[in-house]
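Data block below; observations after.
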Amino acid sequence: MTDQLSKTRVVILGGGTAGWMTAAALVNQLGHACDVQLIESEEIGIVGVGEATLPHIRYFVESLGLDEAEFMKATHATFKLGIDFHDFGRIGSHYLHPFGSFGAPLNDVPFHHFWLRLQAEGRGGALWDTSICNIMAAGNKFAPPPPGSSLYNYAYQFDATLFGPYLRGYSIARGVTRTEGKVVEVEQDGESGDIIALKLENGKRIEGDLFVDCSGFRALLIGQTLKENWEDWSRWLLCDRAVAMPCEAANDKIGPFTGVHAMSAGWRWRIPLQHRVGNGYVYSSAHMSDADAEDALVAAVEGAPMAEPRVLKFRAGRRERSWSKNVVAVGLASGFLEPLESTSIYLVQGAIAQLIEMFPIGPVRDQDRDEFNRVTDAEYDRIRDFLILHYNATVRDDSDFWNHVRTMEVPDTLHEKMELWRRSARVAKYSQGLFFEPSWVAVYIGQGVIPDGWDERADLPGSSELETAVGRVRKQVSDAVCAMPDHANFIRMRNASIERPA
Ligand SMILES: Cc1cc2nc3c(=O)[nH]c(=O)nc-3n(C[C@H](O)[C@H](O)[C@H](O)COP(=O)(O)OP(=O)(O)OC[C@H]3O[C@@H](n4cnc5c(N)ncnc54)[C@H](O)[C@@H]3O)c2cc1C
């Protein structure tokens, strides 16, 4: 039992997506064990991007006890069944990275092995016809998966400027104290180096036991104060800028997916929300000027611009230790990997889950801190490899940027994964974290990395028996999607059902 006196005083610096997600989760799960204060500065503001998520966000929303329909209406959110990649493997190529598998395993052997065999015999057909997410996305359809089904999953695309404030309301209603102001001084213990208090411009001093650095790229506590090293990954992930600009939707169709288009010096995102479309061009400043990137983005967006283009600068990499002394960095303060696979908010969620699991009642234990850092590093490293694959697995030779990424030396960890795939169509296994087999299969095959072999057991069924089985999967998928409503209509009907009095 924790009484009022022994509650851990948690101070969160930053009120962006990371700060308010942390505050909401802490007060919800550990409100009995900690007092949570959050400091944010309107003058500094938030990064204001970060609208596409991964399916894990559903469990975050659910764990807070939020009503999905109401949450989605408040943040103008849409559903997301995957990421639609254009022009990555080669110009003109296209594939969806779906939030679900291709077909279903046969006798415990993943489906893609059978497809590869049929493909080698010239009768594979389109692998993507066996992905329900792909057929739904292609038809702009959406229906939630039946309860308990693992056939497919979905995420949300929401307005980044509304998500934090929504969680702010939730957190304050449950006891989080919010302080508006700019932190100008950090007080440390002379001996341990632990942070003791933060001083604001208006003279206010806020003490704490545990500090969560959600100050974004500024990284005021973990970086500027504790000087935790930054591991730079820009030799593999060259993009270091983005220009963002929302626009009006060109028609009333809302695709249930995030669109990404490879460009001459990076790639462009398109995130459809209920009320507008988010757009951005992520590029390498060594290969393109800001002005040219702005022009390319403005030329590519479909609807009328709703704001001036805004340039953001960043570096790919992560802190060598995200938890140092009594400071835990969450969000952009902890690291940044470009949003090609919408991973940042997932990383925020993962860090919060770890923090809650290892929450220090009393002094911070070294073992907890080390375990937090170990898990965080593994997450970042795997995502890094997955992102690099998108650049390296290409035949594009139409610009200096693509020539560079196509021919660069990739990390050993990725090289080994690619060799394993090329030899045997196998995907390196791990039990926790992001991007399991279907994700790697989608990017490998979608970008033209076709392996030399497959699982021996895929040779067992007769060819026509196998073709019939694959045909059956395609029909099941297409029949299931046929009956589903249009995505935009589904959202409209759900919004209307909330408006109606009970
Ligand atoms: C171009 C781009 C596109 C992205 N797209 C995606 C995406 O599609 N999906 C995804 O998952 N992620 C995406 N991200 C990442 C995502 O935006 C962030 O992970 C997320 O918004 C969390 O940001 P944050 O809260 O860490 O930082 P911020 O939003 O920058 O918040 C920092 C907070 O700290 C406060 N602060 C800073 N210094 C002080 C101070 N001295 N005193 C008081 N307050 C202070 C600020 O006022 C602010 O409240 C994208 C990022 C970029 C750059």
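By order in the structure tokens, chains are A, B, ...; within a chain, residues start at 1; ligands start at 1, following the order shown.
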- Message: Give me, as a count of residues only, all polymer residues having an atom no more than 7 Å from Thr179 (chain A), counting only C-alpha atoms and skipping those fewer than 4 positions away in the same chain.
- Response: 3
Report task. Check the DSSP output for the backbone and give back, as a ChimeraX atom specification, the residues of region 282-354 of chain A in strand (DSSP E). Result -> /A:282-283,310-313,317-319,323-324,327-329,335-336
| Neighbour list for Ile196 (chain A) as a PyMOL selection string, cut-off 9 Å, only C-alpha atoms, skip fewer than 4 positions in-chain | chain A and resi 186-189+206-211
C-alpha atoms of the current selection, written as a PDB file, in the first residue's frame:
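So selection_31.pdb came out as:
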ATOM      1  CA  VAL A 186      17.804  22.619 -14.111  1.00  0.00           C
ATOM      2  CA  GLU A 187      18.978  21.947 -10.541  1.00  0.00           C
ATOM      3  CA  GLN A 188      21.114  18.841  -9.976  1.00  0.00           C
ATOM      4  CA  ASP A 189      22.359  17.108  -6.852  1.00  0.00           C
ATOM      5  CA  ILE A 206       9.185  22.402  -9.275  1.00  0.00           C
ATOM      6  CA  GLU A 207      10.790  19.542  -7.345  1.00  0.00           C
ATOM      7  CA  GLY A 208      10.522  15.877  -8.222  1.00  0.00           C
ATOM      8  CA  ASP A 209      11.856  12.370  -7.579  1.00  0.00           C
ATOM      9  CA  LEU A 210      11.622  11.151 -11.166  1.00  0.00           C
ATOM     10  CA  PHE A 211      11.775  13.357 -14.272  1.00  0.00           C
TER      11      PHE A 211
END
- Please provide the set of residues having any atom within 6 Å of region 77-80 of chain A, restricted to only C-alpha atoms, with same-chain residues fewer than 2 positions apart removed, written as number ranges by chain. A: 72, 75, 82, 154-158, 256-257, 273
Skip His390 (chain A) itself and residues of its chain fewer than 5 positions away, then list as a ChimeraX atom specification all residues within 8 Å of it, counting only C-alpha atoms. /A:88-89,443,447
Env of region 214-216 of chain A: 7 Å cut, atoms = only C-alpha atoms, seq-sep filter 3 positions within chain, self excluded. Answer as a list in words. Ile12, Leu13, Gly14, Ala18, Gly19, Ala219, Leu220, Ala329, Val330, Gly331, Leu332 and Ala333 of chain A
Dump as a PDB file, in the first residue's frame, selection limited to N, CA and C atoms:
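Generated output (selection-v9.pdb):
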ATOM      1  N   ILE A  12       6.931  15.651 -15.525  1.00  0.00           N
ATOM      2  CA  ILE A  12       7.074  15.446 -16.976  1.00  0.00           C
ATOM      3  C   ILE A  12       7.358  16.801 -17.602  1.00  0.00           C
ATOM      4  N   LEU A  13       8.476  16.888 -18.321  1.00  0.00           N
ATOM      5  CA  LEU A  13       8.768  18.143 -19.028  1.00  0.00           C
ATOM      6  C   LEU A  13       8.355  17.985 -20.480  1.00  0.00           C
ATOM      7  N   GLY A  14       7.275  18.675 -20.878  1.00  0.00           N
ATOM      8  CA  GLY A  14       6.836  18.644 -22.273  1.00  0.00           C
ATOM      9  C   GLY A  14       5.400  18.171 -22.408  1.00  0.00           C
ATOM     10  N   ALA A  18       4.137  12.885 -26.639  1.00  0.00           N
ATOM     11  CA  ALA A  18       4.842  12.019 -25.678  1.00  0.00           C
ATOM     12  C   ALA A  18       4.494  12.400 -24.244  1.00  0.00           C
ATOM     13  N   GLY A  19       4.498  13.685 -23.954  1.00  0.00           N
ATOM     14  CA  GLY A  19       4.234  14.141 -22.582  1.00  0.00           C
ATOM     15  C   GLY A  19       2.844  13.761 -22.113  1.00  0.00           C
ATOM     16  N   ALA A 219      15.503  18.051 -25.996  1.00  0.00           N
ATOM     17  CA  ALA A 219      16.061  17.093 -25.020  1.00  0.00           C
ATOM     18  C   ALA A 219      16.750  17.831 -23.863  1.00  0.00           C
ATOM     19  N   LEU A 220      16.017  18.711 -23.231  1.00  0.00           N
ATOM     20  CA  LEU A 220      16.601  19.605 -22.227  1.00  0.00           C
ATOM     21  C   LEU A 220      17.250  18.858 -21.051  1.00  0.00           C
ATOM     22  N   ALA A 329      13.881   9.500 -20.772  1.00  0.00           N
ATOM     23  CA  ALA A 329      13.497  10.258 -21.970  1.00  0.00           C
ATOM     24  C   ALA A 329      12.468   9.467 -22.760  1.00  0.00           C
ATOM     25  N   VAL A 330      11.393  10.142 -23.130  1.00  0.00           N
ATOM     26  CA  VAL A 330      10.329   9.510 -23.909  1.00  0.00           C
ATOM     27  C   VAL A 330      10.018  10.422 -25.099  1.00  0.00           C
ATOM     28  N   GLY A 331       9.851   9.835 -26.265  1.00  0.00           N
ATOM     29  CA  GLY A 331       9.516  10.642 -27.443  1.00  0.00           C
ATOM     30  C   GLY A 331      10.776  11.135 -28.150  1.00  0.00           C
ATOM     31  N   LEU A 332      10.665  12.281 -28.782  1.00  0.00           N
ATOM     32  CA  LEU A 332      11.752  12.787 -29.618  1.00  0.00           C
ATOM     33  C   LEU A 332      13.014  13.062 -28.814  1.00  0.00           C
ATOM     34  N   ALA A 333      12.888  13.295 -27.519  1.00  0.00           N
ATOM     35  CA  ALA A 333      14.067  13.509 -26.667  1.00  0.00           C
ATOM     36  C   ALA A 333      14.899  12.235 -26.578  1.00  0.00           C
TER      37      ALA A 333
END
